[in-house]
$ cat target-v9.txt   # compact mmCIF, C-alpha atoms
# COMPACT_ATOMS: atom_id res chain seq x y z
CA MET A 1 -22.45 24.09 0.87
CA LEU A 2 -20.35 27.23 0.54
CA GLY A 3 -17.34 25.37 1.91
CA SER A 4 -17.46 22.70 -0.77
CA ALA A 5 -18.17 25.32 -3.43
CA LEU A 6 -14.97 27.08 -2.40
CA ILE A 7 -12.87 23.91 -2.49
CA VAL A 8 -14.03 22.92 -5.96
CA PHE A 9 -13.65 26.51 -7.12
CA ARG A 10 -10.02 26.53 -5.97
CA GLU A 11 -9.29 23.16 -7.58
CA THR A 12 -10.87 24.19 -10.89
CA LEU A 13 -9.41 27.67 -11.05
CA GLU A 14 -5.92 26.79 -12.25
CA ALA A 15 -7.15 24.74 -15.20
CA ALA A 16 -9.85 27.31 -16.00
CA LEU A 17 -7.34 30.16 -16.12
CA LEU A 18 -4.97 28.19 -18.34
CA ILE A 19 -7.82 27.36 -20.73
CA GLY A 20 -8.91 31.00 -20.73
CA VAL A 21 -5.44 32.22 -21.64
CA LEU A 22 -4.82 29.51 -24.25
CA ALA A 23 -8.25 30.01 -25.82
CA ALA A 24 -7.44 33.70 -26.16
CA ALA A 25 -3.89 33.09 -27.39
CA SER A 26 -5.11 30.74 -30.10
CA ARG A 27 -7.89 32.95 -31.38
CA GLY A 28 -7.96 33.26 -35.11
CA LEU A 29 -6.59 29.76 -35.56
CA SER A 30 -8.87 27.56 -37.62
CA GLY A 31 -10.60 24.77 -35.72
CA ARG A 32 -9.82 26.34 -32.36
CA ASN A 33 -13.16 25.65 -30.69
CA LEU A 34 -13.14 22.03 -31.78
CA THR A 35 -9.58 21.64 -30.52
CA LEU A 36 -10.42 23.18 -27.15
CA SER A 37 -13.53 21.00 -26.77
CA ILE A 38 -11.61 17.85 -27.62
CA GLY A 39 -8.92 18.80 -25.12
CA ILE A 40 -11.45 19.39 -22.35
CA ALA A 41 -13.34 16.18 -23.14
CA ILE A 42 -10.17 14.05 -23.12
CA GLY A 43 -9.00 15.77 -19.94
CA PHE A 44 -12.31 15.15 -18.20
CA THR A 45 -12.30 11.46 -19.16
CA GLY A 46 -8.68 11.26 -18.03
CA ALA A 47 -9.58 12.92 -14.71
CA LEU A 48 -12.18 10.19 -14.05
CA VAL A 49 -9.64 7.48 -14.89
CA VAL A 50 -6.91 9.05 -12.74
CA ALA A 51 -9.32 9.55 -9.84
CA GLY A 52 -10.23 5.86 -10.10
CA LEU A 53 -6.56 4.89 -10.13
CA THR A 54 -5.50 7.26 -7.34
CA GLY A 55 -5.08 4.41 -4.88
CA TYR A 56 -2.65 2.61 -7.19
CA ILE A 57 -0.78 5.77 -8.17
CA ALA A 58 -0.43 6.84 -4.54
CA GLU A 59 1.17 3.54 -3.55
CA MET A 60 3.66 3.49 -6.40
CA ALA A 61 7.29 4.41 -5.70
CA GLU A 62 6.99 3.83 -1.94
CA GLY A 63 4.03 6.13 -1.51
CA THR A 64 5.35 8.98 -3.64
CA GLY A 65 3.76 7.95 -6.95
CA GLN A 66 1.42 10.92 -6.88
CA GLU A 67 4.35 13.35 -6.72
CA LEU A 68 6.10 11.70 -9.66
CA PHE A 69 2.85 11.64 -11.63
CA ASN A 70 2.14 15.32 -10.95
CA ALA A 71 5.73 16.31 -11.69
CA ALA A 72 5.65 14.43 -14.99
CA ILE A 73 2.40 16.10 -16.09
CA LEU A 74 3.70 19.52 -15.10
CA GLY A 75 6.98 18.85 -16.91
CA VAL A 76 5.21 17.97 -20.15
CA ALA A 77 2.90 20.98 -19.76
CA VAL A 78 5.85 23.35 -19.24
CA VAL A 79 7.60 22.08 -22.37
CA MET A 80 4.42 22.38 -24.43
CA LEU A 81 3.58 25.84 -23.10
CA GLY A 82 7.10 26.98 -23.87
CA TRP A 83 6.93 25.54 -27.34
CA HIS A 84 3.49 27.05 -27.93
CA ASN A 85 4.74 30.43 -26.81
CA ILE A 86 7.83 30.36 -29.01
CA TRP A 87 5.69 29.30 -31.94
CA MET A 88 3.14 32.04 -31.23
CA ALA A 89 5.91 34.63 -30.95
CA ARG A 90 6.25 34.30 -34.72
CA HIS A 91 2.58 33.82 -35.61
CA GLY A 92 1.38 36.48 -33.23
CA ARG A 93 3.63 39.03 -34.84
CA GLU A 94 2.42 38.09 -38.30
CA MET A 95 -1.16 38.38 -37.14
CA ALA A 96 -0.59 41.68 -35.39
CA ALA A 97 1.18 43.04 -38.48
CA GLN A 98 -1.90 42.42 -40.56
CA ALA A 99 -4.71 42.85 -38.09
CA LYS A 100 -7.24 41.59 -40.61
CA SER A 101 -6.04 38.02 -40.41
CA VAL A 102 -7.28 37.72 -36.84
CA GLY A 103 -10.79 38.02 -38.15
CA LEU A 104 -10.04 35.47 -40.82
CA ALA A 105 -9.00 32.01 -39.83
CA VAL A 106 -5.34 31.26 -40.01
CA GLN A 107 -4.59 27.84 -41.41
CA THR A 108 -2.42 25.94 -39.03
CA GLY A 109 -0.78 22.58 -39.00
CA ARG A 110 -2.38 19.64 -37.29
CA ARG A 111 0.68 19.45 -35.04
CA GLU A 112 0.05 22.80 -33.36
CA MET A 113 -3.60 22.02 -32.76
CA SER A 114 -3.01 18.57 -31.32
CA ALA A 115 -0.37 20.05 -29.03
CA LEU A 116 -2.92 22.61 -27.84
CA ALA A 117 -5.54 19.90 -27.25
CA ALA A 118 -3.01 17.78 -25.35
CA LEU A 119 -1.98 20.73 -23.21
CA ILE A 120 -5.56 21.51 -22.24
CA SER A 121 -6.39 17.88 -21.54
CA LEU A 122 -3.36 17.60 -19.23
CA ALA A 123 -4.44 20.67 -17.26
CA VAL A 124 -8.01 19.42 -16.94
CA LEU A 125 -6.83 15.92 -16.05
CA ARG A 126 -4.53 17.04 -13.24
CA GLU A 127 -6.85 19.52 -11.57
CA GLY A 128 -9.99 17.60 -12.47
CA SER A 129 -8.95 14.32 -10.85
CA GLU A 130 -8.72 16.02 -7.44
CA THR A 131 -12.13 17.59 -7.91
CA VAL A 132 -13.60 14.23 -8.93
CA LEU A 133 -12.08 12.60 -5.83
CA PHE A 134 -13.48 15.29 -3.57
CA LEU A 135 -16.97 15.07 -5.08
CA TYR A 136 -16.82 11.27 -5.01
CA GLY A 137 -15.99 11.42 -1.31
CA LEU A 138 -19.01 13.66 -0.75
CA ALA A 139 -21.27 11.38 -2.72
CA MET A 140 -20.14 8.44 -0.57
CA ASP A 141 -20.74 10.33 2.63
CA ASP A 142 -24.16 9.27 3.84
CA ARG A 143 -24.67 12.30 6.03
CA ALA A 144 -27.75 14.35 5.26
CA SER A 145 -25.67 17.37 4.24
CA ALA A 146 -23.86 15.45 1.49
CA MET A 147 -26.35 16.46 -1.18
CA SER A 148 -26.14 20.14 -0.38
CA MET A 149 -22.35 19.91 -0.34
CA PHE A 150 -22.46 18.16 -3.70
CA SER A 151 -24.52 20.95 -5.23
CA GLY A 152 -22.06 23.35 -3.61
CA GLY A 153 -19.32 21.53 -5.50
CA MET A 154 -21.19 22.01 -8.76
CA LEU A 155 -21.57 25.69 -7.93
CA GLY A 156 -17.81 25.91 -7.39
CA LEU A 157 -17.19 24.23 -10.73
CA LEU A 158 -19.43 26.77 -12.47
CA GLY A 159 -17.61 29.55 -10.61
CA GLY A 160 -14.24 28.30 -11.87
CA ILE A 161 -15.52 28.10 -15.44
CA ALA A 162 -17.00 31.60 -15.13
CA VAL A 163 -13.65 33.08 -14.04
CA GLY A 164 -11.85 31.33 -16.91
CA TRP A 165 -14.45 32.72 -19.27
CA MET A 166 -14.13 36.23 -17.86
CA LEU A 167 -10.37 36.12 -18.29
CA TYR A 168 -10.87 35.06 -21.89
CA ALA A 169 -13.46 37.77 -22.52
CA GLY A 170 -11.15 40.36 -20.98
CA LEU A 171 -8.14 39.25 -22.97
CA VAL A 172 -9.81 39.26 -26.38
CA ARG A 173 -10.75 42.90 -25.79
CA ILE A 174 -7.09 43.91 -25.77
CA PRO A 175 -6.15 45.67 -29.03
CA VAL A 176 -4.56 43.31 -31.55
CA ARG A 177 -1.31 45.29 -31.50
CA HIS A 178 -0.63 44.35 -27.89
CA PHE A 179 -2.71 41.20 -27.72
CA PHE A 180 -0.08 38.56 -28.42
CA THR A 181 2.45 40.30 -26.21
CA VAL A 182 0.00 40.14 -23.29
CA THR A 183 -0.95 36.48 -23.80
CA GLY A 184 2.68 35.60 -24.44
CA VAL A 185 3.80 37.18 -21.17
CA LEU A 186 0.92 35.52 -19.28
CA ILE A 187 1.85 32.09 -20.65
CA LEU A 188 5.52 32.73 -19.89
CA PHE A 189 4.71 33.35 -16.21
CA LEU A 190 2.25 30.42 -16.07
CA ALA A 191 4.89 28.06 -17.49
CA ALA A 192 7.57 29.28 -15.05
CA GLY A 193 5.11 28.87 -12.15
CA MET A 194 4.35 25.32 -13.28
CA ALA A 195 8.07 24.52 -13.40
CA SER A 196 8.38 25.73 -9.80
CA GLN A 197 5.42 23.53 -8.78
CA MET A 198 7.08 20.62 -10.54
CA ALA A 199 10.24 21.19 -8.46
CA ARG A 200 8.10 21.25 -5.32
CA PHE A 201 6.57 17.86 -6.16
CA LEU A 202 10.01 16.40 -6.87
CA VAL A 203 11.25 17.63 -3.47
CA GLN A 204 8.09 16.33 -1.78
CA GLY A 205 8.78 12.90 -3.34
CA ASP A 206 12.46 13.06 -2.34
CA VAL A 207 13.74 12.98 -5.92
CA ILE A 208 15.76 16.21 -5.70
CA GLN A 209 17.17 18.35 -2.89
CA THR A 210 15.67 21.64 -1.72
CA LEU A 211 19.01 23.56 -2.07
CA ALA A 212 17.78 26.10 0.49
CA LEU A 213 14.58 25.98 2.50
CA PRO A 214 13.02 28.44 2.51
CA LEU A 215 15.05 30.67 0.21
CA TRP A 216 12.95 33.55 1.49
CA ASP A 217 9.94 33.92 3.74
CA THR A 218 7.39 36.56 2.80
CA SER A 219 4.47 34.77 4.44
CA SER A 220 4.01 37.63 6.92
CA VAL A 221 4.02 40.32 4.20
CA LEU A 222 2.14 38.56 1.41
CA PRO A 223 0.72 35.22 2.62
CA ILE A 224 -0.12 32.81 -0.16
CA ASP A 225 -3.60 32.17 1.25
CA SER A 226 -4.47 35.87 1.03
CA PHE A 227 -6.35 37.07 -2.04
CA PRO A 228 -3.47 39.01 -3.66
CA GLY A 229 -1.01 36.26 -2.72
CA ASN A 230 -3.23 33.62 -4.26
CA LEU A 231 -3.77 35.67 -7.40
CA LEU A 232 -0.04 36.17 -7.79
CA HIS A 233 0.48 32.44 -7.16
CA LEU A 234 -2.01 31.49 -9.86
CA PHE A 235 -0.70 33.86 -12.51
CA ALA A 236 2.99 34.17 -11.74
CA GLY A 237 3.78 31.17 -9.52
CA TYR A 238 4.39 33.29 -6.42
CA GLU A 239 5.44 31.35 -3.31
CA ALA A 240 5.74 32.80 0.19
CA ARG A 241 8.26 30.17 1.30
CA PRO A 242 9.90 28.68 -1.78
CA SER A 243 12.82 26.29 -1.75
CA GLY A 244 15.95 27.23 -3.67
CA ILE A 245 15.37 24.55 -6.28
CA GLN A 246 11.88 25.95 -7.02
CA VAL A 247 13.34 29.36 -7.73
CA LEU A 248 16.02 27.76 -9.91
CA PHE A 249 13.43 25.82 -11.95
CA TYR A 250 11.33 28.99 -12.26
CA THR A 251 14.22 31.18 -13.41
CA LEU A 252 15.61 28.65 -15.88
CA THR A 253 12.19 28.01 -17.48
CA PHE A 254 11.48 31.72 -17.68
CA GLY A 255 14.88 32.42 -19.24
CA VAL A 256 14.80 29.60 -21.78
CA ILE A 257 11.29 30.41 -23.07
CA LEU A 258 12.02 34.14 -23.21
CA PHE A 259 15.20 33.45 -25.15
CA GLY A 260 13.30 31.22 -27.60
CA MET A 261 10.57 33.84 -28.02
CA SER A 262 12.96 36.70 -28.75
CA ARG A 263 14.87 34.56 -31.26
CA THR A 264 11.81 33.50 -33.26
CA SER A 265 10.26 36.94 -33.27
CA LYS A 266 13.51 38.41 -34.61
CA GLN A 267 13.62 35.78 -37.34
CA SER A 268 10.09 36.53 -38.42
CA LEU A 269 10.91 40.20 -38.89
CA GLN A 270 13.55 39.44 -41.47
CA PRO A 271 12.21 39.38 -45.04
CA THR A 272 12.07 35.88 -46.42
CA MET B 1 -17.53 5.28 22.79
CA LYS B 2 -15.86 8.20 21.14
CA LEU B 3 -13.00 7.99 23.60
CA VAL B 4 -12.45 4.30 22.82
CA LEU B 5 -12.44 4.99 19.10
CA PHE B 6 -9.96 7.77 19.68
CA ALA B 7 -7.66 5.50 21.71
CA ILE B 8 -7.77 2.78 19.05
CA SER B 9 -7.05 5.24 16.29
CA LEU B 10 -3.89 6.30 18.16
CA LEU B 11 -2.34 2.83 17.81
CA PRO B 12 -1.28 2.89 14.15
CA ALA B 13 0.28 6.31 14.65
CA ILE B 14 2.58 4.85 17.26
CA VAL B 15 3.33 1.68 15.33
CA PHE B 16 4.83 3.12 12.16
CA ALA B 17 6.76 5.97 13.72
CA ALA B 18 10.22 4.61 12.85
CA ASP B 19 13.50 6.53 12.94
CA GLY B 20 13.36 9.69 10.78
CA GLU B 21 9.90 8.60 9.83
CA HIS B 22 6.83 10.12 11.39
CA GLY B 23 3.25 9.07 11.08
CA LEU B 24 -0.18 10.63 11.12
CA THR B 25 -3.54 8.97 10.92
CA ILE B 26 -6.74 10.41 9.55
CA LYS B 27 -9.80 9.07 11.28
CA ASN B 28 -13.30 10.56 11.32
CA HIS B 29 -11.90 13.51 9.34
CA GLN B 30 -9.42 14.32 12.11
CA PHE B 31 -5.66 14.02 12.37
CA VAL B 32 -4.30 11.78 15.07
CA PRO B 33 -2.17 13.04 16.68
CA ASP B 34 -3.07 16.64 15.88
CA GLN B 35 0.33 17.80 17.12
CA LEU B 36 3.50 16.20 15.86
CA ILE B 37 6.95 17.03 17.17
CA VAL B 38 9.79 16.50 14.71
CA PRO B 39 13.51 17.34 14.86
CA ALA B 40 14.53 20.65 13.25
CA GLY B 41 17.24 20.72 10.59
CA LYS B 42 16.59 17.18 9.37
CA LYS B 43 14.73 15.75 6.43
CA ILE B 44 11.61 13.91 7.53
CA LYS B 45 9.47 11.27 5.91
CA LEU B 46 5.88 11.76 6.96
CA THR B 47 3.57 8.85 6.37
CA ILE B 48 -0.13 9.58 6.51
CA ALA B 49 -2.63 6.77 6.87
CA ASN B 50 -6.17 7.63 5.88
CA GLU B 51 -8.53 5.26 7.66
CA ASP B 52 -11.67 7.01 6.49
CA ASN B 53 -13.55 5.79 3.44
CA THR B 54 -13.32 9.23 1.89
CA PRO B 55 -10.24 10.84 0.31
CA GLU B 56 -8.49 13.69 2.09
CA GLU B 57 -6.06 16.33 0.90
CA PHE B 58 -3.19 17.03 3.26
CA GLU B 59 -2.39 20.68 2.75
CA SER B 60 -0.05 23.10 4.46
CA TYR B 61 0.82 26.58 3.30
CA ALA B 62 3.49 26.82 6.00
CA LEU B 63 5.15 23.60 4.85
CA ASN B 64 4.41 24.27 1.18
CA ARG B 65 2.95 20.82 0.72
CA GLU B 66 -0.22 19.30 -0.68
CA LYS B 67 -1.17 15.73 -1.34
CA VAL B 68 -4.35 13.77 -1.87
CA ILE B 69 -4.62 10.59 0.21
CA PRO B 70 -7.34 8.25 -1.06
CA GLY B 71 -9.69 6.56 1.40
CA ASN B 72 -8.29 3.55 3.29
CA SER B 73 -4.73 4.00 2.11
CA LYS B 74 -1.33 5.37 3.06
CA ALA B 75 0.90 7.93 1.41
CA SER B 76 4.24 9.52 2.22
CA ILE B 77 5.65 12.99 1.77
CA TYR B 78 9.08 14.35 2.53
CA LEU B 79 9.47 17.49 4.61
CA GLY B 80 12.28 19.82 5.51
CA PRO B 81 14.94 20.16 6.70
CA LEU B 82 12.75 22.52 8.75
CA GLU B 83 13.74 25.51 10.82
CA SER B 84 12.41 25.24 14.36
CA GLY B 85 8.90 26.57 14.63
CA GLN B 86 5.22 25.77 14.19
CA TYR B 87 3.80 24.55 10.91
CA GLU B 88 0.05 24.25 10.61
CA PHE B 89 -1.63 21.79 8.29
CA ILE B 90 -5.21 20.98 7.35
CA GLY B 91 -7.20 18.33 5.56
CA GLU B 92 -8.59 20.50 2.81
CA PHE B 93 -11.60 18.30 2.12
CA HIS B 94 -12.74 18.52 5.76
CA GLU B 95 -11.21 21.76 6.90
CA ALA B 96 -13.55 22.25 9.85
CA THR B 97 -12.35 19.15 11.72
CA ALA B 98 -9.10 18.07 10.09
CA ARG B 99 -6.48 20.39 11.59
CA GLY B 100 -3.09 19.90 13.11
CA VAL B 101 0.32 21.37 13.67
CA ILE B 102 3.87 20.13 13.22
CA ARG B 103 6.42 21.48 15.69
CA ALA B 104 10.05 21.35 14.67
CA GLU B 105 12.43 21.65 17.63
$ encode --input "target-v9.txt" --output "structure tokens"
Amino acid sequence: MLGSALIVFRETLEAALLIGVLAAASRGLSGRNLTLSIGIAIGFTGALVVAGLTGYIAEMAEGTGQELFNAAILGVAVVMLGWHNIWMARHGREMAAQAKSVGLAVQTGRREMSALAALISLAVLREGSETVLFLYGLAMDDRASAMSMFSGGMLGLLGGIAVGWMLYAGLVRIPVRHFFTVTGVLILFLAAGMASQMARFLVQGDVIQTLALPLWDTSSVLPIDSFPGNLLHLFAGYEARPSGIQVLFYTLTFGVILFGMSRTSKQSLQPT
Amino acid sequence: MKLVLFAISLLPAIVFAADGEHGLTIKNHQFVPDQLIVPAGKKIKLTIANEDNTPEEFESYALNREKVIPGNSKASIYLGPLESGQYEFIGEFHEATARGVIRAE
């Protein structure tokens, strides 16, 4: 039971953390809760559909359909996270400048909110489909322990949600002055980490070359399956044995988003 | 009985091991073979056939790879070029039994 709880916990964690950070980053925006709920609901439905289609997806593109599918989702998520961050670099500063407006609801365009909902649904869809597959496999298993493993899975799911919630609760406690800087930096690292994962899937599916493999090997110093290694992987995309192309994707994404953020925040400081 | 099942499950692993292409089979939540020798310094296509009814996730921290293989289906992943050495992998959904190692030489 604990084993299956741990697996589901690990699968859920990435999506839960992203939701936690995005929920915090979008606080003060009108209709935020509705947007988040819609995103999660669409993502969950999508996860069921994708889990059902896994057989077809897996056999596409000579057995590498899953890699292309994952890479595509990650690619879209990276672009949207980057865009969200650049957009928030301006709004965040405005909100921080007049701390009151965080309490009030800031009117935002429908475009921003649908982008946020789409982003969340993609994260839930990708991570959720693997969880659904795992739980489905357990449900099909007719061994006596299947039920206890299934409840373990549910426990893991709750655990993942709890961690996402704790991250959110911790973040919203940060003083408004620093708040949007913290969430902005977190999202910047998350997006860069996703870009590196995307590169990994493209290499795994033989779409691009590794460049160098591994570019470095820190698996004896900070293994990725250790607690600090895993934490660093989740938040900053740390890899113990990355390929050169992963590091390139990471660095480029990081640089481009940072450049966009510093440009918009400078613009917003100029009187209009 | 178990031995016979084991011997039968070895067959597909031998059949689709073409040049540059290596195969693994998942059967009864175990990898067959559980040790695979591949050439170092070359890109490898690893085809994994899951003959169980349940999905499995091929996962290896050493190889930096993860992939879900649905029940009763095949999937491929590309590895390397690898430095010579040992690379452990597991089936994450059945970690207790599904374990194996790839040796690049």
$ closest_atom_pairs --input "target-v9.txt" --of "chain B" --to "chain A" --cutoff "9 Å" --atoms "all atoms listed in the file" --output "CSV"
residue,atom,partner,partner_atom,distance
B:Lys45,CA,A:Asp206,CA,9.0
B:Thr47,CA,A:Gly63,CA,8.3
B:Asn53,CA,A:Gly137,CA,7.8
B:Thr54,CA,A:Gly137,CA,4.7
B:Pro55,CA,A:Gly137,CA,6.0
B:Glu56,CA,A:Phe134,CA,7.7
B:Glu57,CA,A:Phe134,CA,8.7
B:Tyr61,CA,A:Ile224,CA,7.2
B:Ala62,CA,A:Arg241,CA,7.5
B:Leu63,CA,A:Arg241,CA,8.1
B:Asn64,CA,A:Arg241,CA,7.0
B:Arg65,CA,A:Gln204,CA,7.3
B:Glu66,CA,A:Phe201,CA,8.8
B:Lys67,CA,A:Gln66,CA,7.8
B:Val68,CA,A:Glu130,CA,7.4
B:Ile69,CA,A:Ala58,CA,7.4
B:Pro70,CA,A:Gly55,CA,5.9
B:Gly71,CA,A:Gly55,CA,8.1
B:Asn72,CA,A:Gly55,CA,8.8
B:Ser73,CA,A:Gly55,CA,7.0
B:Lys74,CA,A:Gly63,CA,7.1
B:Ala75,CA,A:Gly63,CA,4.6
B:Ser76,CA,A:Gly63,CA,5.0
B:Ile77,CA,A:Gln204,CA,5.5
B:Tyr78,CA,A:Gln204,CA,4.8
B:Leu79,CA,A:Gln204,CA,6.6
B:Gly80,CA,A:Leu213,CA,7.2
B:Pro81,CA,A:Leu213,CA,7.2
B:Leu82,CA,A:Leu213,CA,7.4
B:Glu83,CA,A:Leu213,CA,8.4
B:Glu92,CA,A:Ile7,CA,7.6
B:Phe93,CA,A:Phe134,CA,6.7
B:Glu95,CA,A:Gly3,CA,8.7
$ axis_aligned_box --input "target-v9.txt" --around "segment 64-71 of chain B" --padding-each-side "8 Å" --output "lines of an AutoDock Vina configuration file"
center_x = -2.6
center_y = 15.4
center_z = -0.2
size_x = 30.1
size_y = 33.7
size_z = 19.3
$ atom_distance --input "target-v9.txt" --atom1 "atom CA of His94 of chain B" --atom2 "atom CA of Ala16 of chain A"
23.6 Å
$ closest_residue --input "target-v9.txt" --among "B:Gly100, B:Gly91, B:Pro39, B:Gly85" --to "His22 of chain B" --atoms "all atoms listed in the file"
B:Pro39
$ atom_distance --input "target-v9.txt" --atom1 "atom CA of Tyr168 of chain A" --atom2 "atom CA of Gln246 of chain A"
28.7 Å
